[in-house]
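Below is coords-v3.tsv, which holds TSV, C-alpha atoms.
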```
chain	number	residue	atom	x	y	z
C	164	MET	CA	13.96	-5.47	18.68
C	165	LEU	CA	11.17	-7.96	19.15
C	166	GLU	CA	10.73	-9.28	22.62
C	167	VAL	CA	9.92	-12.99	22.74
C	168	ASN	CA	9.29	-15.10	25.81
C	169	ARG	CA	7.97	-18.53	26.63
C	170	GLU	CA	4.59	-17.22	27.77
C	171	MET	CA	3.89	-15.64	24.34
C	172	VAL	CA	4.79	-18.89	22.57
C	173	TRP	CA	2.54	-20.85	24.92
C	174	LYS	CA	-0.36	-18.44	24.50
C	175	GLY	CA	0.02	-18.48	20.70
C	176	THR	CA	0.12	-22.28	20.70
C	177	LYS	CA	-3.06	-22.39	22.77
C	178	THR	CA	-4.83	-20.01	20.37
C	179	GLY	CA	-3.63	-22.10	17.41
C	180	LEU	CA	-4.85	-25.34	18.98
C	181	HIS	CA	-8.16	-23.72	19.79
C	182	THR	CA	-8.53	-22.51	16.17
C	183	THR	CA	-7.66	-25.99	14.88
C	184	TRP	CA	-10.26	-27.54	17.18
C	185	GLU	CA	-12.94	-25.04	16.10
C	186	LEU	CA	-11.96	-25.70	12.48
C	187	GLY	CA	-12.07	-29.47	12.94
C	188	LYS	CA	-15.55	-29.39	14.45
C	189	VAL	CA	-16.81	-28.02	11.11
C	190	VAL	CA	-14.32	-29.32	8.53
C	191	VAL	CA	-14.52	-33.03	9.41
C	192	PRO	CA	-18.35	-33.33	9.55
C	193	THR	CA	-18.64	-31.30	6.31
C	194	ALA	CA	-16.18	-33.57	4.52
C	195	MET	CA	-18.17	-36.59	5.76
C	196	LEU	CA	-21.46	-35.04	4.66
C	197	VAL	CA	-20.10	-34.32	1.18
C	198	ALA	CA	-18.78	-37.89	0.96
C	199	VAL	CA	-22.32	-39.12	1.71
C	200	PHE	CA	-23.70	-36.69	-0.89
C	201	ARG	CA	-21.36	-38.18	-3.45
C	202	ALA	CA	-22.13	-41.83	-2.61
C	203	SER	CA	-25.89	-41.27	-2.56
C	204	GLY	CA	-25.96	-39.58	-5.96
C	205	LEU	CA	-27.22	-36.32	-4.44
C	206	LEU	CA	-23.99	-34.63	-5.48
C	207	ASP	CA	-24.65	-35.52	-9.13
C	208	SER	CA	-28.15	-34.03	-8.96
C	209	ILE	CA	-26.86	-30.79	-7.39
C	210	THR	CA	-24.05	-30.68	-9.94
C	211	ALA	CA	-26.46	-31.08	-12.85
C	212	LEU	CA	-28.83	-28.48	-11.43
C	213	PHE	CA	-26.22	-25.75	-11.01
C	214	ALA	CA	-23.82	-26.56	-13.84
C	215	PRO	CA	-25.34	-24.01	-16.29
C	216	TYR	CA	-25.07	-21.12	-13.81
C	217	MET	CA	-21.66	-22.07	-12.42
C	218	GLY	CA	-20.31	-22.02	-15.96
C	219	TYR	CA	-20.53	-18.20	-15.92
C	220	LEU	CA	-18.03	-18.22	-13.06
C	221	GLY	CA	-15.67	-20.67	-14.71
C	222	LEU	CA	-16.77	-23.36	-12.23
C	223	SER	CA	-18.15	-26.87	-12.50
C	224	GLY	CA	-21.55	-27.70	-10.99
C	225	GLU	CA	-19.98	-29.37	-7.93
C	226	ALA	CA	-18.46	-26.07	-6.86
C	227	ALA	CA	-21.98	-24.87	-6.01
C	228	ILE	CA	-21.64	-26.95	-2.82
C	229	VAL	CA	-18.50	-25.02	-1.88
C	230	LEU	CA	-20.11	-21.63	-2.52
C	231	PHE	CA	-23.30	-22.46	-0.63
C	232	SER	CA	-21.52	-23.90	2.38
C	233	GLY	CA	-19.28	-20.81	2.46
C	234	TYR	CA	-22.04	-18.23	1.94
C	235	PHE	CA	-24.47	-19.69	4.45
C	236	VAL	CA	-22.35	-21.65	6.95
C	237	ASN	CA	-18.74	-20.45	7.04
C	238	LEU	CA	-15.33	-20.70	5.41
C	239	TYR	CA	-14.45	-23.80	7.41
C	240	ALA	CA	-17.42	-25.63	5.91
C	241	ALA	CA	-16.35	-24.43	2.46
C	242	ALA	CA	-12.83	-25.73	3.18
C	243	GLY	CA	-14.29	-29.09	4.23
C	244	SER	CA	-16.25	-29.25	0.96
C	245	ILE	CA	-13.15	-28.42	-1.08
C	246	MET	CA	-11.26	-31.23	0.67
C	247	ALA	CA	-13.99	-33.75	-0.16
C	248	LEU	CA	-14.47	-32.73	-3.81
C	249	ASN	CA	-12.11	-33.13	-6.74
C	250	LEU	CA	-11.85	-29.54	-7.92
C	251	THR	CA	-9.08	-28.15	-10.12
C	252	ILE	CA	-6.70	-25.53	-8.72
C	253	LYS	CA	-8.43	-22.96	-10.92
C	254	GLU	CA	-11.79	-23.82	-9.38
C	255	ILE	CA	-10.38	-23.78	-5.84
C	256	THR	CA	-8.87	-20.37	-6.56
C	257	ILE	CA	-12.10	-18.91	-7.95
C	258	CYS	CA	-14.21	-20.29	-5.06
C	259	SER	CA	-11.69	-19.08	-2.47
C	260	VAL	CA	-11.48	-15.53	-3.80
C	261	MET	CA	-15.28	-15.34	-4.22
C	262	LEU	CA	-15.83	-16.59	-0.69
C	263	GLY	CA	-13.32	-14.09	0.70
C	264	PHE	CA	-15.77	-11.33	-0.16
C	265	CYS	CA	-18.91	-13.05	0.96
C	266	HIS	CA	-19.21	-15.72	3.67
C	267	SER	CA	-20.89	-16.71	6.96
C	268	LEU	CA	-23.73	-14.38	6.01
C	269	LEU	CA	-26.14	-15.62	8.67
C	270	VAL	CA	-23.64	-14.64	11.36
C	271	GLU	CA	-21.84	-11.68	9.83
C	272	LEU	CA	-24.73	-9.66	8.37
C	273	PRO	CA	-26.27	-9.12	11.82
C	274	ILE	CA	-22.82	-8.15	13.12
C	275	SER	CA	-22.50	-5.52	10.37
C	276	GLN	CA	-25.93	-4.23	11.23
C	277	LYS	CA	-25.01	-3.86	14.90
C	278	ALA	CA	-21.95	-1.90	13.83
C	279	GLY	CA	-24.14	0.64	12.05
C	280	SER	CA	-24.40	-0.57	8.43
C	281	PRO	CA	-27.80	-1.74	7.11
C	282	LEU	CA	-28.10	-5.46	6.48
C	283	GLY	CA	-29.47	-5.30	2.93
C	284	TYR	CA	-26.84	-2.84	1.81
C	285	ILE	CA	-23.92	-4.89	3.14
C	286	PHE	CA	-25.46	-8.07	1.66
C	287	ILE	CA	-25.70	-6.55	-1.82
C	288	ILE	CA	-22.17	-5.12	-1.73
C	289	ARG	CA	-20.63	-8.41	-0.58
C	290	LEU	CA	-22.55	-10.62	-3.01
C	291	ALA	CA	-21.92	-8.23	-5.93
C	292	CYS	CA	-18.17	-8.15	-5.21
C	293	SER	CA	-18.12	-11.94	-4.93
C	294	LEU	CA	-19.97	-12.59	-8.20
C	295	ALA	CA	-18.15	-9.87	-10.15
C	296	VAL	CA	-14.71	-11.09	-9.13
C	297	GLY	CA	-15.75	-14.72	-9.71
C	298	TRP	CA	-16.87	-13.89	-13.23
C	299	LEU	CA	-13.67	-11.90	-13.90
C	300	LEU	CA	-11.42	-14.71	-12.63
C	301	GLY	CA	-13.37	-17.25	-14.69
C	302	VAL	CA	-12.56	-15.23	-17.78
C	303	VAL	CA	-8.99	-14.26	-16.91
C	304	LEU	CA	-7.53	-17.38	-15.28
C	305	PRO	CA	-6.01	-19.93	-17.68
I	218	MET	CA	-19.90	-46.82	7.07
I	219	ASN	CA	-17.05	-47.02	4.59
I	220	ILE	CA	-18.18	-43.76	3.01
I	221	LEU	CA	-18.36	-41.92	6.33
I	222	TRP	CA	-14.89	-43.17	7.22
I	223	GLU	CA	-13.54	-41.97	3.88
I	224	GLY	CA	-14.95	-38.48	4.46
I	225	PHE	CA	-13.64	-38.50	8.03
I	226	VAL	CA	-10.10	-39.31	6.89
I	227	GLN	CA	-10.24	-36.69	4.11
I	228	GLY	CA	-11.39	-34.04	6.56
I	229	LEU	CA	-8.78	-35.02	9.14
I	230	ARG	CA	-5.98	-34.98	6.58
I	231	GLY	CA	-7.00	-31.49	5.47
I	232	LEU	CA	-7.24	-30.36	9.09
I	233	TRP	CA	-3.71	-31.60	9.81
I	234	THR	CA	-2.34	-29.55	6.87
I	235	VAL	CA	-4.09	-26.47	8.22
I	236	ALA	CA	-2.94	-27.06	11.82
I	237	LEU	CA	0.71	-27.22	10.74
I	238	ILE	CA	0.37	-23.63	9.52
I	239	VAL	CA	-2.20	-22.14	11.87
I	240	ILE	CA	-0.39	-22.97	15.14
I	241	PRO	CA	2.99	-21.39	14.20
I	242	LEU	CA	1.08	-18.44	12.73
I	243	MET	CA	-0.80	-17.81	15.98
I	244	ILE	CA	2.52	-17.80	17.85
I	245	VAL	CA	3.89	-15.19	15.43
I	246	LEU	CA	0.70	-13.09	15.77
I	247	GLU	CA	0.87	-13.25	19.56
I	248	ILE	CA	4.51	-12.08	19.53
I	249	GLY	CA	3.64	-9.31	17.08
I	250	GLU	CA	0.73	-8.12	19.15
I	251	ARG	CA	2.69	-8.10	22.41
I	252	ASN	CA	5.41	-6.03	20.75
I	253	GLY	CA	2.94	-3.35	19.69
I	254	LEU	CA	3.10	-4.12	15.97
I	255	LEU	CA	-0.64	-3.44	15.68
I	256	GLN	CA	-0.09	0.19	16.71
I	257	LYS	CA	2.80	0.50	14.25
I	258	LEU	CA	0.63	-0.90	11.45
I	259	ASN	CA	-2.06	1.59	12.40
I	260	ARG	CA	0.39	4.53	12.10
I	261	LEU	CA	1.59	3.23	8.75
I	262	MET	CA	-1.97	3.11	7.42
I	263	ALA	CA	-2.90	6.62	8.62
I	264	ARG	CA	-2.48	8.35	5.27
I	265	PRO	CA	-4.37	5.88	3.01
I	266	PHE	CA	-7.19	5.78	5.55
I	267	LYS	CA	-7.43	9.57	5.55
I	268	VAL	CA	-8.39	9.39	1.85
I	269	ILE	CA	-11.54	7.40	2.73
I	270	GLY	CA	-12.39	9.78	5.57
I	271	LEU	CA	-11.10	7.82	8.53
I	272	GLY	CA	-9.25	9.48	11.39
I	273	GLU	CA	-7.15	7.62	13.94
I	274	GLU	CA	-10.22	6.51	15.92
I	275	GLY	CA	-11.95	5.18	12.82
I	276	ALA	CA	-8.87	3.51	11.36
I	277	PHE	CA	-8.01	1.41	14.41
I	278	PRO	CA	-11.18	-0.78	14.24
I	279	VAL	CA	-10.35	-1.44	10.58
I	280	VAL	CA	-6.81	-2.57	11.42
I	281	VAL	CA	-8.16	-4.77	14.22
I	282	ALA	CA	-10.83	-6.29	11.93
I	283	VAL	CA	-8.34	-6.94	9.15
I	284	VAL	CA	-6.01	-8.77	11.51
I	285	PHE	CA	-8.37	-10.45	14.00
I	286	GLY	CA	-11.82	-10.56	12.39
I	287	ILE	CA	-15.08	-8.72	11.92
I	288	THR	CA	-16.41	-9.43	15.41
I	289	TYR	CA	-13.51	-7.65	17.13
I	290	GLY	CA	-13.54	-4.73	14.68
I	291	SER	CA	-17.31	-4.33	14.98
I	292	GLY	CA	-17.10	-4.42	18.77
I	293	LEU	CA	-14.61	-1.56	18.68
I	294	ILE	CA	-16.61	0.53	16.23
I	295	ILE	CA	-19.85	0.04	18.21
I	296	ASN	CA	-18.01	1.22	21.29
I	297	HIS	CA	-16.48	4.19	19.43
I	298	VAL	CA	-19.88	5.31	18.13
I	299	ARG	CA	-21.42	4.95	21.56
I	300	THR	CA	-18.75	7.09	23.20
I	301	GLY	CA	-18.93	9.65	20.39
I	302	LYS	CA	-15.38	9.07	19.14
I	303	VAL	CA	-16.62	8.43	15.59
I	304	GLY	CA	-19.75	9.62	13.80
I	305	PRO	CA	-22.33	7.53	11.91
I	306	LYS	CA	-20.85	8.30	8.50
I	307	GLU	CA	-17.39	7.19	9.59
I	308	ALA	CA	-18.97	4.09	11.13
I	309	ARG	CA	-20.61	3.33	7.78
I	310	VAL	CA	-17.27	3.67	5.96
I	311	VAL	CA	-15.63	1.39	8.53
I	312	GLY	CA	-18.56	-1.05	8.30
I	313	THR	CA	-18.24	-1.24	4.53
I	314	PHE	CA	-14.49	-1.77	4.64
I	315	ILE	CA	-14.51	-4.49	7.30
I	316	ALA	CA	-17.52	-6.31	5.80
I	317	ILE	CA	-15.42	-6.94	2.68
I	318	ALA	CA	-11.93	-7.25	4.18
I	319	HIS	CA	-11.58	-8.89	7.60
I	320	ALA	CA	-9.67	-11.78	9.17
I	321	LEU	CA	-7.35	-11.47	6.20
I	322	ILE	CA	-4.61	-13.57	7.76
I	323	GLU	CA	-6.79	-16.48	8.87
I	324	ASP	CA	-8.97	-16.61	5.71
I	325	THR	CA	-5.98	-16.27	3.42
I	326	ILE	CA	-3.97	-19.01	5.14
I	327	LEU	CA	-6.95	-21.38	5.08
I	328	PHE	CA	-7.42	-21.17	1.30
I	329	TRP	CA	-3.71	-20.84	0.55
I	330	VAL	CA	-3.21	-24.22	2.23
I	331	LEU	CA	-5.90	-25.61	-0.10
I	332	GLY	CA	-4.05	-24.33	-3.19
I	333	ALA	CA	-5.19	-20.76	-3.98
I	334	PRO	CA	-2.47	-18.13	-4.61
I	335	ILE	CA	-1.92	-15.68	-1.72
I	336	LEU	CA	-1.91	-12.52	-3.86
I	337	LEU	CA	-5.30	-13.30	-5.40
I	338	LEU	CA	-6.71	-13.92	-1.93
I	339	VAL	CA	-5.48	-10.61	-0.50
I	340	VAL	CA	-5.18	-7.94	-3.20
I	341	PRO	CA	-8.71	-7.98	-4.71
I	342	ARG	CA	-10.28	-7.99	-1.26
I	343	VAL	CA	-8.30	-5.03	0.07
I	344	LEU	CA	-8.65	-3.14	-3.21
I	345	LEU	CA	-12.44	-3.55	-3.45
I	346	ALA	CA	-12.88	-2.80	0.27
I	347	TYR	CA	-10.97	0.43	-0.29
I	348	ILE	CA	-12.89	1.39	-3.45
I	349	MET	CA	-16.30	0.61	-1.92
I	350	SER	CA	-15.46	2.56	1.24
I	351	TYR	CA	-14.33	5.49	-0.88
I	352	ILE	CA	-17.62	5.44	-2.78
I	353	VAL	CA	-19.55	5.34	0.49
I	354	TYR	CA	-17.44	8.17	1.89
I	355	ARG	CA	-17.93	10.41	-1.15
I	356	PHE	CA	-21.52	9.66	-2.04
I	357	SER	CA	-23.41	8.68	1.10
I	358	SER	CA	-25.64	11.56	2.08
I	359	GLY	CA	-27.82	12.15	5.11
I	360	LEU	CA	-25.16	10.77	7.40
I	361	ASN	CA	-23.41	13.86	8.62
I	362	SER	CA	-20.79	13.13	11.25
I	363	SER	CA	-21.95	16.10	13.35
I	364	ASP	CA	-25.58	14.96	13.29
I	365	ARG	CA	-26.46	14.13	16.88
I	366	ASP	CA	-29.79	12.51	15.98
I	367	ASN	CA	-28.14	9.99	13.73
I	368	LEU	CA	-25.55	9.26	16.38
I	369	GLN	CA	-28.28	8.43	18.86
I	370	ALA	CA	-30.16	6.38	16.28
I	371	VAL	CA	-27.10	4.18	15.84
I	372	ASP	CA	-26.65	3.94	19.57
```

What is this file in structure tokens?
Amino acid sequence: MLEVNREMVWKGTKTGLHTTWELGKVVVPTAMLVAVFRASGLLDSITALFAPYMGYLGLSGEAAIVLFSGYFVNLYAAAGSIMALNLTIKEITICSVMLGFCHSLLVELPISQKAGSPLGYIFIIRLACSLAVGWLLGVVLP
Amino acid sequence: MNILWEGFVQGLRGLWTVALIVIPLMIVLEIGERNGLLQKLNRLMARPFKVIGLGEEGAFPVVVAVVFGITYGSGLIINHVRTGKVGPKEARVVGTFIAIAHALIEDTILFWVLGAPILLLVVPRVLLAYIMSYIVYRFSSGLNSSDRDNLQAVD
């Protein structure tokens, strides 16, 4: 039987609140930044620039913002971008699955290296998985 | 100012949706951890991990990384290599697996809340992590687990 007491519930709540706070520190500013991008017309330029390449992944040009913020910053930033953009569920799904494989590279690649796996090798594996699965989902998803 | 406010509200609304799921989830995880469910999960995974060359010492960092994140799993594996519990080849297999599949609960919940289906978030990641680790286990050469030089090089 599972043992449950008040202290566990309290500790879990604290961890959850802490996670929410850490999340909020990234999600809210990112959503604001993307809103500014949209209002200033920068979003349209980025969209136009990446639209041809994103098409291979079944994504619109805007989704490039989500992928970049996920690859280079972290998943919270990607989540903030998704909240501020008007993507379809298909696009959200493709971005999410792609980013699962490959994210927070600036932080996580050095961690992998410390744990005994070369940086370049882990980078290639993660990016290849991300792009391959993105392409596959773009083809397969209705 | 209007634009910034709009983005702020959008972000906050999204954050609220996530908080409603993350806080109860952390309580469940805490209860699970305190009841030794992590060890049970580890025993359950012993056989599939054996296929990719991981013994008990190598498998535990993977279970920890999958549940709690890459930082925790990497910390464990660094420590295990340092103390000689796992060799460099096993560390490479673990490194490959956890680079692809880590923090599965947190990442999955985050994107599930935003509308992506849970199965698509979990299955491809675990599957590819497993396949890639298997490839590394079978085909990586020059990383013999009994090679003391390599062990020290990693240390």

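CA of Leu327 (chain I) is positioned 25.2 Å from CA of Leu293 (chain I).
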
Work out how far CA of Phe264 (chain C) is from CA of Gly297 (chain C), in Å to one decimal. 10.1 Å

Spatial sel., origin (-23.7, -35.5, -3.4), limit 9 Å, only C-alpha atoms, listed as a ChimeraX atom specification: /C:196-210,225,228

Go ahead and fit an axis-aligned box to every listed atom of region 236-247 of chain C plus 3 Å each side, and pass me the centre and edge lengths in Å, one decimal, as AutoDock Vina command-line options.
```
--center_x -16.8 --center_y -27.1 --center_z 3.2 --size_x 17.1 --size_y 19.3 --size_z 14.5
```

Give me, as number ranges by chain, the contact residues of chain C against chain I at a cut-off of 7 Å, counting all atoms listed in the file. C: 165-167, 171-172, 175-176, 178-180, 183, 187, 190-191, 194-195, 198-199, 243, 246-247, 252, 255-256, 259-260, 264, 274-275, 278-280, 285, 289

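As for CA of Met164 (chain C) and CA of Ile322 (chain I), they are spaced 23.0 Å apart.
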
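Between Ile245 (chain C) and the residues C:Ser293, C:Ser267, C:Thr193, C:Gln276, the shortest atom-to-atom distance, using all atoms listed in the file, involves C:Thr193.
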
At a cut-off of 12 Å around the point (-17.7, -25.9, -12.0) (file coordinates), what residues fall inside when counting only C-alpha atoms? I'd like the answer as an MDAnalysis selection string. chainID C and resid 209:230 248:258 297 301

Nearest residue to Ala263 (chain I) from the set I:Ile352, I:Ile326, I:Leu344, I:Val279 (distances using all atoms listed in the file): I:Val279

Assuming the input is short of atoms at region 220-231 of chain C, produce all heavy atoms for that part as a short mmCIF file (atom, residue, chain, number, x, y, z; two decimals), in the coordinates of the input.
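Generated file (rebuild23.cif):
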```cif
data_model
loop_
_atom_site.label_atom_id
_atom_site.label_comp_id
_atom_site.auth_asym_id
_atom_site.auth_seq_id
_atom_site.Cartn_x
_atom_site.Cartn_y
_atom_site.Cartn_z
N LEU C 220 -19.11 -18.56 -13.99
CA LEU C 220 -18.03 -18.22 -13.06
C LEU C 220 -16.79 -19.07 -13.32
O LEU C 220 -15.84 -19.04 -12.54
CB LEU C 220 -18.51 -18.44 -11.61
CG LEU C 220 -19.79 -17.69 -11.22
CD1 LEU C 220 -20.36 -18.23 -9.92
CD2 LEU C 220 -19.51 -16.20 -11.10
N GLY C 221 -16.82 -19.81 -14.41
CA GLY C 221 -15.67 -20.67 -14.71
C GLY C 221 -15.59 -21.87 -13.79
O GLY C 221 -14.52 -22.42 -13.56
N LEU C 222 -16.76 -22.27 -13.21
CA LEU C 222 -16.77 -23.36 -12.23
C LEU C 222 -17.60 -24.53 -12.74
O LEU C 222 -18.51 -24.36 -13.54
CB LEU C 222 -17.35 -22.87 -10.90
CG LEU C 222 -16.57 -21.78 -10.17
CD1 LEU C 222 -17.40 -21.24 -9.01
CD2 LEU C 222 -15.24 -22.31 -9.67
N SER C 223 -17.31 -25.72 -12.20
CA SER C 223 -18.15 -26.87 -12.50
C SER C 223 -19.34 -26.87 -11.53
O SER C 223 -19.32 -26.16 -10.52
CB SER C 223 -17.35 -28.15 -12.34
OG SER C 223 -16.97 -28.31 -11.01
N GLY C 224 -20.35 -27.67 -11.82
CA GLY C 224 -21.55 -27.70 -10.99
C GLY C 224 -21.29 -28.05 -9.53
O GLY C 224 -21.92 -27.51 -8.63
N GLU C 225 -20.32 -28.95 -9.30
CA GLU C 225 -19.98 -29.37 -7.93
C GLU C 225 -19.62 -28.20 -7.03
O GLU C 225 -19.88 -28.21 -5.84
CB GLU C 225 -18.73 -30.27 -7.91
CG GLU C 225 -18.76 -31.51 -8.71
CD GLU C 225 -17.58 -32.38 -8.32
OE1 GLU C 225 -16.43 -31.87 -8.31
OE2 GLU C 225 -17.81 -33.54 -8.01
N ALA C 226 -18.96 -27.19 -7.66
CA ALA C 226 -18.46 -26.07 -6.86
C ALA C 226 -19.59 -25.31 -6.19
O ALA C 226 -19.35 -24.56 -5.23
CB ALA C 226 -17.63 -25.15 -7.74
N ALA C 227 -20.83 -25.52 -6.66
CA ALA C 227 -21.98 -24.87 -6.01
C ALA C 227 -22.02 -25.24 -4.53
O ALA C 227 -22.35 -24.40 -3.68
CB ALA C 227 -23.28 -25.28 -6.70
N ILE C 228 -21.66 -26.49 -4.22
CA ILE C 228 -21.64 -26.95 -2.82
C ILE C 228 -20.68 -26.10 -2.00
O ILE C 228 -20.98 -25.70 -0.88
CB ILE C 228 -21.17 -28.42 -2.76
CG1 ILE C 228 -22.08 -29.31 -3.60
CG2 ILE C 228 -21.04 -28.88 -1.31
CD1 ILE C 228 -22.95 -30.22 -2.81
N VAL C 229 -19.51 -25.82 -2.59
CA VAL C 229 -18.50 -25.02 -1.88
C VAL C 229 -19.03 -23.61 -1.63
O VAL C 229 -18.96 -23.09 -0.51
CB VAL C 229 -17.19 -24.95 -2.68
CG1 VAL C 229 -16.16 -24.10 -1.96
CG2 VAL C 229 -16.63 -26.34 -2.95
N LEU C 230 -19.61 -23.00 -2.67
CA LEU C 230 -20.11 -21.63 -2.52
C LEU C 230 -21.24 -21.56 -1.50
O LEU C 230 -21.25 -20.70 -0.62
CB LEU C 230 -20.59 -21.09 -3.87
CG LEU C 230 -19.50 -20.82 -4.91
CD1 LEU C 230 -20.09 -20.15 -6.15
CD2 LEU C 230 -18.39 -19.94 -4.35
N PHE C 231 -22.18 -22.50 -1.58
CA PHE C 231 -23.30 -22.46 -0.63
C PHE C 231 -22.84 -22.68 0.80
O PHE C 231 -23.28 -21.98 1.72
CB PHE C 231 -24.37 -23.49 -1.00
CG PHE C 231 -25.20 -23.07 -2.19
CD1 PHE C 231 -25.51 -23.95 -3.19
CD2 PHE C 231 -25.67 -21.76 -2.29
CE1 PHE C 231 -26.27 -23.55 -4.29
CE2 PHE C 231 -26.41 -21.35 -3.37
CZ PHE C 231 -26.71 -22.26 -4.39
#
```
